[in-house]
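final_0.csv, holding CSV, C-alpha atoms:
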```csv
chain,number,residue,atom,x,y,z
A,1,MET,CA,-57.7,4.5,-24.2
A,2,ILE,CA,-54.7,3.3,-22.1
A,3,VAL,CA,-52.2,4.6,-24.6
A,4,ARG,CA,-54.0,8.0,-24.8
A,5,ALA,CA,-53.9,8.2,-21.0
A,6,GLY,CA,-50.1,7.9,-21.1
A,7,ILE,CA,-50.0,4.6,-19.3
A,8,THR,CA,-46.9,2.6,-20.5
A,9,ALA,CA,-46.8,-1.1,-21.3
A,10,ASN,CA,-44.3,-1.6,-18.5
A,11,ALA,CA,-46.7,0.1,-16.0
A,12,VAL,CA,-49.4,-2.4,-17.2
A,13,THR,CA,-47.0,-5.2,-16.7
A,14,ILE,CA,-46.0,-4.1,-13.2
A,15,ALA,CA,-49.7,-3.6,-12.2
A,16,SER,CA,-50.3,-7.2,-13.5
A,17,LEU,CA,-47.6,-8.4,-11.2
A,18,GLY,CA,-49.2,-6.6,-8.3
A,19,PHE,CA,-52.6,-8.2,-9.0
A,20,ALA,CA,-50.9,-11.6,-9.3
A,21,ALA,CA,-49.2,-11.1,-5.9
A,22,VAL,CA,-52.5,-10.2,-4.3
A,23,ALA,CA,-54.1,-13.3,-5.9
A,24,GLY,CA,-51.3,-15.4,-4.5
A,25,VAL,CA,-52.0,-14.1,-1.0
A,26,LEU,CA,-55.8,-14.6,-1.4
A,27,LEU,CA,-55.2,-18.1,-2.7
A,28,SER,CA,-53.0,-19.0,0.2
A,29,VAL,CA,-55.7,-18.1,2.7
A,30,GLY,CA,-58.5,-19.8,0.8
A,31,ALA,CA,-60.3,-16.6,-0.4
A,32,LEU,CA,-60.8,-18.2,-3.8
A,33,GLY,CA,-63.6,-16.0,-5.1
A,34,TRP,CA,-61.6,-12.8,-4.6
A,35,ALA,CA,-58.5,-14.6,-5.7
A,36,ALA,CA,-60.2,-15.5,-9.0
A,37,LEU,CA,-61.0,-11.8,-9.6
A,38,ALA,CA,-57.4,-10.8,-8.9
A,39,MET,CA,-56.1,-13.6,-11.1
A,40,VAL,CA,-58.3,-12.6,-14.1
A,41,THR,CA,-57.3,-9.0,-13.6
A,42,ALA,CA,-53.6,-10.0,-13.6
A,43,CYS,CA,-54.1,-12.2,-16.7
A,44,LEU,CA,-55.9,-9.4,-18.6
A,45,GLY,CA,-53.0,-7.1,-17.8
A,46,ASP,CA,-50.6,-9.7,-19.1
A,47,ALA,CA,-52.6,-9.8,-22.3
A,48,LEU,CA,-52.9,-6.1,-22.6
A,49,ASP,CA,-49.3,-5.0,-22.0
A,50,GLY,CA,-48.0,-6.2,-25.4
A,51,LEU,CA,-50.9,-4.5,-27.2
A,52,VAL,CA,-50.1,-1.3,-25.4
A,53,ALA,CA,-46.4,-1.6,-26.3
A,54,ARG,CA,-47.3,-2.1,-30.0
A,55,ARG,CA,-49.9,0.7,-30.1
A,56,SER,CA,-47.6,3.1,-28.5
A,57,ALA,CA,-44.6,2.0,-30.6
A,58,SER,CA,-42.6,1.3,-27.4
A,59,THR,CA,-41.7,-2.3,-27.9
A,60,SER,CA,-38.2,-3.1,-26.6
A,61,VAL,CA,-36.0,-6.0,-25.5
A,62,GLY,CA,-36.2,-4.7,-21.9
A,63,GLY,CA,-40.0,-4.6,-22.0
A,64,ALA,CA,-40.2,-8.1,-23.5
A,65,LEU,CA,-37.8,-9.4,-20.7
A,66,LEU,CA,-39.9,-7.6,-18.0
A,67,ASP,CA,-43.1,-9.2,-19.5
A,68,ALA,CA,-41.6,-12.7,-19.6
A,69,SER,CA,-40.2,-12.4,-16.1
A,70,VAL,CA,-43.5,-11.1,-14.7
A,71,ASP,CA,-45.3,-14.0,-16.4
A,72,ARG,CA,-43.1,-16.5,-14.5
A,73,TYR,CA,-43.5,-14.6,-11.2
A,74,GLY,CA,-47.3,-14.4,-11.7
A,75,GLU,CA,-47.6,-18.1,-12.3
A,76,PHE,CA,-45.4,-18.7,-9.2
A,77,PHE,CA,-47.7,-16.5,-7.1
A,78,PHE,CA,-50.8,-18.3,-8.3
A,79,LEU,CA,-49.5,-21.8,-7.9
A,80,GLY,CA,-47.4,-21.0,-4.8
A,81,GLY,CA,-50.5,-19.6,-3.2
A,82,LEU,CA,-52.4,-22.7,-4.0
A,83,ALA,CA,-49.5,-24.9,-2.7
A,84,LEU,CA,-49.8,-23.0,0.6
A,85,TYR,CA,-53.6,-23.4,0.6
A,86,LEU,CA,-53.5,-27.1,-0.2
A,87,ARG,CA,-50.4,-27.9,1.9
A,88,ALA,CA,-52.4,-30.1,4.4
A,89,SER,CA,-53.0,-32.7,1.6
A,90,THR,CA,-49.8,-34.3,0.3
A,91,PRO,CA,-51.5,-35.5,-2.9
A,92,LEU,CA,-53.0,-32.1,-3.7
A,93,LEU,CA,-49.7,-30.4,-2.9
A,94,ALA,CA,-47.9,-32.8,-5.2
A,95,VAL,CA,-50.3,-32.1,-8.0
A,96,THR,CA,-49.9,-28.3,-7.5
A,97,LEU,CA,-46.1,-28.5,-7.5
A,98,SER,CA,-46.2,-30.7,-10.6
A,99,ALA,CA,-48.4,-28.1,-12.3
A,100,LEU,CA,-45.8,-25.4,-11.3
A,101,ALA,CA,-42.9,-27.5,-12.7
A,102,GLY,CA,-44.8,-28.2,-16.0
A,103,SER,CA,-45.7,-24.5,-16.4
A,104,PHE,CA,-42.2,-23.4,-16.0
A,105,MET,CA,-40.8,-26.2,-18.3
A,106,VAL,CA,-43.2,-25.3,-21.1
A,107,SER,CA,-42.0,-21.7,-20.9
A,108,TYR,CA,-38.4,-22.9,-20.6
A,109,GLY,CA,-38.8,-25.0,-23.8
A,110,SER,CA,-40.1,-21.9,-25.7
A,111,ALA,CA,-37.3,-19.7,-24.4
A,112,LYS,CA,-34.7,-22.4,-25.2
A,113,ALA,CA,-36.0,-22.6,-28.8
A,114,GLU,CA,-35.8,-18.9,-29.2
A,115,ALA,CA,-32.3,-18.9,-27.8
A,116,LEU,CA,-31.3,-21.6,-30.3
A,117,ARG,CA,-33.0,-19.5,-33.1
A,118,VAL,CA,-35.3,-22.3,-34.1
A,119,SER,CA,-39.1,-22.3,-34.3
A,120,VAL,CA,-40.8,-23.1,-31.0
A,121,PRO,CA,-42.2,-26.6,-31.2
A,122,PRO,CA,-45.9,-26.7,-31.2
A,123,GLY,CA,-47.7,-27.9,-28.1
A,124,LEU,CA,-50.5,-27.3,-25.7
A,125,MET,CA,-50.6,-25.6,-22.3
A,126,ARG,CA,-49.0,-22.3,-23.2
A,127,ARG,CA,-49.4,-19.5,-20.8
A,128,ALA,CA,-52.8,-18.4,-22.0
A,129,GLU,CA,-54.2,-21.9,-21.9
A,130,ARG,CA,-52.8,-22.5,-18.4
A,131,ALA,CA,-54.3,-19.1,-17.2
A,132,VAL,CA,-57.7,-19.9,-18.5
A,133,CYS,CA,-57.7,-23.4,-17.0
A,134,LEU,CA,-56.5,-22.2,-13.6
A,135,CYS,CA,-58.7,-19.1,-13.4
A,136,SER,CA,-61.7,-21.2,-14.4
A,137,GLY,CA,-60.9,-23.9,-11.8
A,138,VAL,CA,-60.4,-21.3,-9.0
A,139,GLY,CA,-63.4,-19.2,-10.1
A,140,LEU,CA,-65.8,-22.2,-10.0
A,141,VAL,CA,-64.9,-23.3,-6.5
A,142,PRO,CA,-67.2,-20.8,-4.7
A,143,LEU,CA,-70.1,-22.2,-6.7
A,144,SER,CA,-69.2,-25.9,-6.2
A,145,ASP,CA,-68.5,-25.2,-2.5
A,146,TRP,CA,-72.0,-23.6,-2.2
A,147,LEU,CA,-73.6,-26.6,-4.0
A,148,ALA,CA,-71.8,-29.0,-1.7
A,149,ARG,CA,-72.8,-27.1,1.4
A,150,ALA,CA,-76.4,-27.1,0.1
A,151,SER,CA,-76.1,-30.9,-0.3
A,152,ILE,CA,-76.7,-30.7,-4.0
A,153,LEU,CA,-73.2,-32.0,-4.6
A,154,PRO,CA,-71.3,-34.4,-2.4
A,155,ALA,CA,-68.9,-32.8,0.0
A,156,TRP,CA,-65.8,-34.0,-1.9
A,157,ALA,CA,-66.9,-31.9,-4.9
A,158,ALA,CA,-66.4,-28.6,-3.1
A,159,ARG,CA,-62.9,-28.1,-4.5
A,160,ALA,CA,-63.3,-30.4,-7.6
A,161,PRO,CA,-63.0,-27.6,-10.2
A,162,LEU,CA,-59.7,-26.5,-8.7
A,163,VAL,CA,-58.3,-30.0,-8.4
A,164,ALA,CA,-59.4,-30.8,-12.0
A,165,ALA,CA,-57.7,-27.6,-13.3
A,166,LEU,CA,-54.5,-28.4,-11.4
A,167,ALA,CA,-54.5,-32.0,-12.7
A,168,VAL,CA,-55.0,-30.8,-16.3
A,169,ILE,CA,-52.2,-28.4,-16.0
A,170,ALA,CA,-49.9,-30.9,-14.2
A,171,VAL,CA,-50.4,-33.6,-16.8
A,172,GLY,CA,-50.9,-31.4,-19.9
A,173,ALA,CA,-48.0,-29.0,-19.2
A,174,ASN,CA,-45.5,-31.7,-18.3
A,175,ALA,CA,-46.5,-33.7,-21.4
A,176,SER,CA,-46.2,-30.7,-23.6
A,177,ALA,CA,-42.8,-29.7,-22.0
A,178,ILE,CA,-41.4,-33.2,-22.6
A,179,ARG,CA,-42.7,-33.1,-26.2
A,180,ARG,CA,-41.1,-29.7,-26.8
A,181,LEU,CA,-37.8,-30.6,-25.2
A,182,ARG,CA,-37.6,-33.9,-27.2
A,183,ALA,CA,-38.2,-31.9,-30.4
A,184,LEU,CA,-35.5,-29.4,-29.5
A,185,ALA,CA,-33.1,-32.2,-28.7
A,186,ARG,CA,-33.4,-33.4,-32.3
A,187,VAL,CA,-32.4,-30.0,-33.7
A,188,PRO,CA,-29.1,-30.3,-35.5
A,189,SER,CA,-26.1,-28.4,-34.1
A,190,PRO,CA,-25.1,-25.3,-36.1
```

Go ahead and express the file in the form of structure tokens.
Amino acid sequence: MIVRAGITANAVTIASLGFAAVAGVLLSVGALGWAALAMVTACLGDALDGLVARRSASTSVGGALLDASVDRYGEFFFLGGLALYLRASTPLLAVTLSALAGSFMVSYGSAKAEALRVSVPPGLMRRAERAVCLCSGVGLVPLSDWLARASILPAWAARAPLVAALAVIAVGANASAIRRLRALARVPSP
């Protein structure tokens, strides 16, 4: 349908970036329900652009570079927005920044393996896994907040899904990145 409409893969990628930027702004001001919707839309665009490129036989190095770059910017918008939202809490800000570092390092490990022309070491917390985790955490906050306001959950649980998602990404992505980089360090020189 998208291909028949003449929409290019690069247009889908740029639209995805726009939704990610909107999500970052919404996250920064605490509008988490709307942010979750924008995040999911951005992530769907990210998943769709490669399919559109293959179906329209328009895959290119430039398109792949644009896609990878937009992925990094999108994650920065998500986690940067959350860093601004959580900036009043030093521990939560530290977890968010750790999640950002881990996310970028997993991607760096994959890119470095491709540059060395070796297979990408296996590991968890790839882009799709991080996106599902973060979108779920953000998307569940309006419910947990409502439950906390209704005194069904304790007050501290209002942001628990978000904190849990950030912690999973912070620990999982950094552990995966370290594992990948250690595997790459053992690759013999050409």

Write out as a ChimeraX atom specification which residues come within 10 Å of A:Leu97 when counting only C-alpha atoms, dropping same-chain ones fewer than 5 positions away. /A:76,79-80,82-83,91-92,102-103,166,170

For a quick check of your reading of the model, name the residues lying within 9 Å of the coordinate (-45.0, -30.7, -18.0), counting only C-alpha atoms, and write them as a CSV table (one decimal) with C-alpha atoms, keeping the file's coordinate frame.
```
chain,number,residue,atom,x,y,z
A,98,SER,CA,-46.2,-30.7,-10.6
A,99,ALA,CA,-48.4,-28.1,-12.3
A,100,LEU,CA,-45.8,-25.4,-11.3
A,101,ALA,CA,-42.9,-27.5,-12.7
A,102,GLY,CA,-44.8,-28.2,-16.0
A,103,SER,CA,-45.7,-24.5,-16.4
A,104,PHE,CA,-42.2,-23.4,-16.0
A,105,MET,CA,-40.8,-26.2,-18.3
A,106,VAL,CA,-43.2,-25.3,-21.1
A,125,MET,CA,-50.6,-25.6,-22.3
A,169,ILE,CA,-52.2,-28.4,-16.0
A,170,ALA,CA,-49.9,-30.9,-14.2
A,171,VAL,CA,-50.4,-33.6,-16.8
A,172,GLY,CA,-50.9,-31.4,-19.9
A,173,ALA,CA,-48.0,-29.0,-19.2
A,174,ASN,CA,-45.5,-31.7,-18.3
A,175,ALA,CA,-46.5,-33.7,-21.4
A,176,SER,CA,-46.2,-30.7,-23.6
A,177,ALA,CA,-42.8,-29.7,-22.0
A,178,ILE,CA,-41.4,-33.2,-22.6
A,179,ARG,CA,-42.7,-33.1,-26.2
```

Could you check the closest approach to A:Val95 for each of A:Gly33, A:Ala5, A:Ala165, A:Arg126 and tell me which residue wins, using all atoms listed in the file?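 Of A:Gly33, A:Ala5, A:Ala165, A:Arg126, the one nearest A:Val95, counting all atoms listed in the file, is A:Ala165.
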
Have a look at A:Leu153, A:Val120, A:Ala35, A:Ala111 and name the one nearest to A:Leu65; count all atoms listed in the file.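 For A:Leu65, the nearest of the candidates is A:Ala111.
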
Mind pulling up the distance from atom CA of A:Gly50 to atom CA of A:Ala20?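 Between these atoms lies a distance of 17.2 Å.
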
Pick the closest to A:Pro122 from A:Ala88, A:Val141, A:Asp71, A:Leu181: which is it, counting all atoms listed in the file?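 Under the stated criterion, the closest residue is A:Leu181.
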
Could you work out how far atom CA of A:Lys112 lies from atom CA of A:Val70, giving the answer in Å with one decimal?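 According to the coordinates, atom CA of A:Val70 and atom CA of A:Lys112 are separated by 17.8 Å.
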
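Using all atoms listed in the file for every distance, the candidate list A:Arg180, A:Ala68, A:Phe78, A:Ile2 yields A:Phe78 as the residue closest to A:Gly18.
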
Using all atoms listed in the file, which residue out of A:Ser189, A:Ser119, A:Ser144, A:Asn10 lies closest to A:Val61?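 Of A:Ser189, A:Ser119, A:Ser144, A:Asn10, the one nearest A:Val61 is A:Asn10, counting all atoms listed in the file.
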
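With only C-alpha atoms as the atoms that count, the residue of A:Val163, A:Arg4, A:Ala21, A:Gly81 with the shortest distance to A:Ser136 is A:Val163.
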
As a CSV table (one decimal), in the coordinates of the input, the rebuilt stretch 119-132 of chain A with N, CA and C atoms:
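Produced file part_5.csv, reproduced below:
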```csv
chain,number,residue,atom,x,y,z
A,119,SER,N,-37.6,-22.5,-34.6
A,119,SER,CA,-39.1,-22.3,-34.3
A,119,SER,C,-39.5,-23.1,-33.0
A,120,VAL,N,-40.3,-22.4,-32.3
A,120,VAL,CA,-40.8,-23.1,-31.0
A,120,VAL,C,-41.7,-24.3,-31.4
A,121,PRO,N,-41.3,-25.4,-30.9
A,121,PRO,CA,-42.2,-26.6,-31.2
A,121,PRO,C,-43.6,-26.4,-30.7
A,122,PRO,N,-44.5,-26.9,-31.5
A,122,PRO,CA,-45.9,-26.7,-31.2
A,122,PRO,C,-46.3,-27.5,-29.9
A,123,GLY,N,-47.3,-27.1,-29.2
A,123,GLY,CA,-47.7,-27.9,-28.1
A,123,GLY,C,-48.8,-27.1,-27.3
A,124,LEU,N,-49.4,-27.9,-26.5
A,124,LEU,CA,-50.5,-27.3,-25.7
A,124,LEU,C,-50.0,-26.7,-24.4
A,125,MET,N,-50.9,-26.2,-23.6
A,125,MET,CA,-50.6,-25.6,-22.3
A,125,MET,C,-49.6,-24.5,-22.3
A,126,ARG,N,-49.8,-23.6,-23.3
A,126,ARG,CA,-49.0,-22.3,-23.2
A,126,ARG,C,-49.6,-21.5,-22.1
A,127,ARG,N,-49.0,-20.3,-21.9
A,127,ARG,CA,-49.4,-19.5,-20.8
A,127,ARG,C,-50.9,-19.1,-20.8
A,128,ALA,N,-51.4,-18.7,-21.9
A,128,ALA,CA,-52.8,-18.4,-22.0
A,128,ALA,C,-53.7,-19.5,-21.6
A,129,GLU,N,-53.4,-20.7,-22.2
A,129,GLU,CA,-54.2,-21.9,-21.9
A,129,GLU,C,-54.2,-22.3,-20.4
A,130,ARG,N,-53.0,-22.2,-19.8
A,130,ARG,CA,-52.8,-22.5,-18.4
A,130,ARG,C,-53.6,-21.4,-17.6
A,131,ALA,N,-53.6,-20.2,-18.0
A,131,ALA,CA,-54.3,-19.1,-17.2
A,131,ALA,C,-55.8,-19.3,-17.3
A,132,VAL,N,-56.3,-19.6,-18.4
A,132,VAL,CA,-57.7,-19.9,-18.5
A,132,VAL,C,-58.1,-21.1,-17.7
```
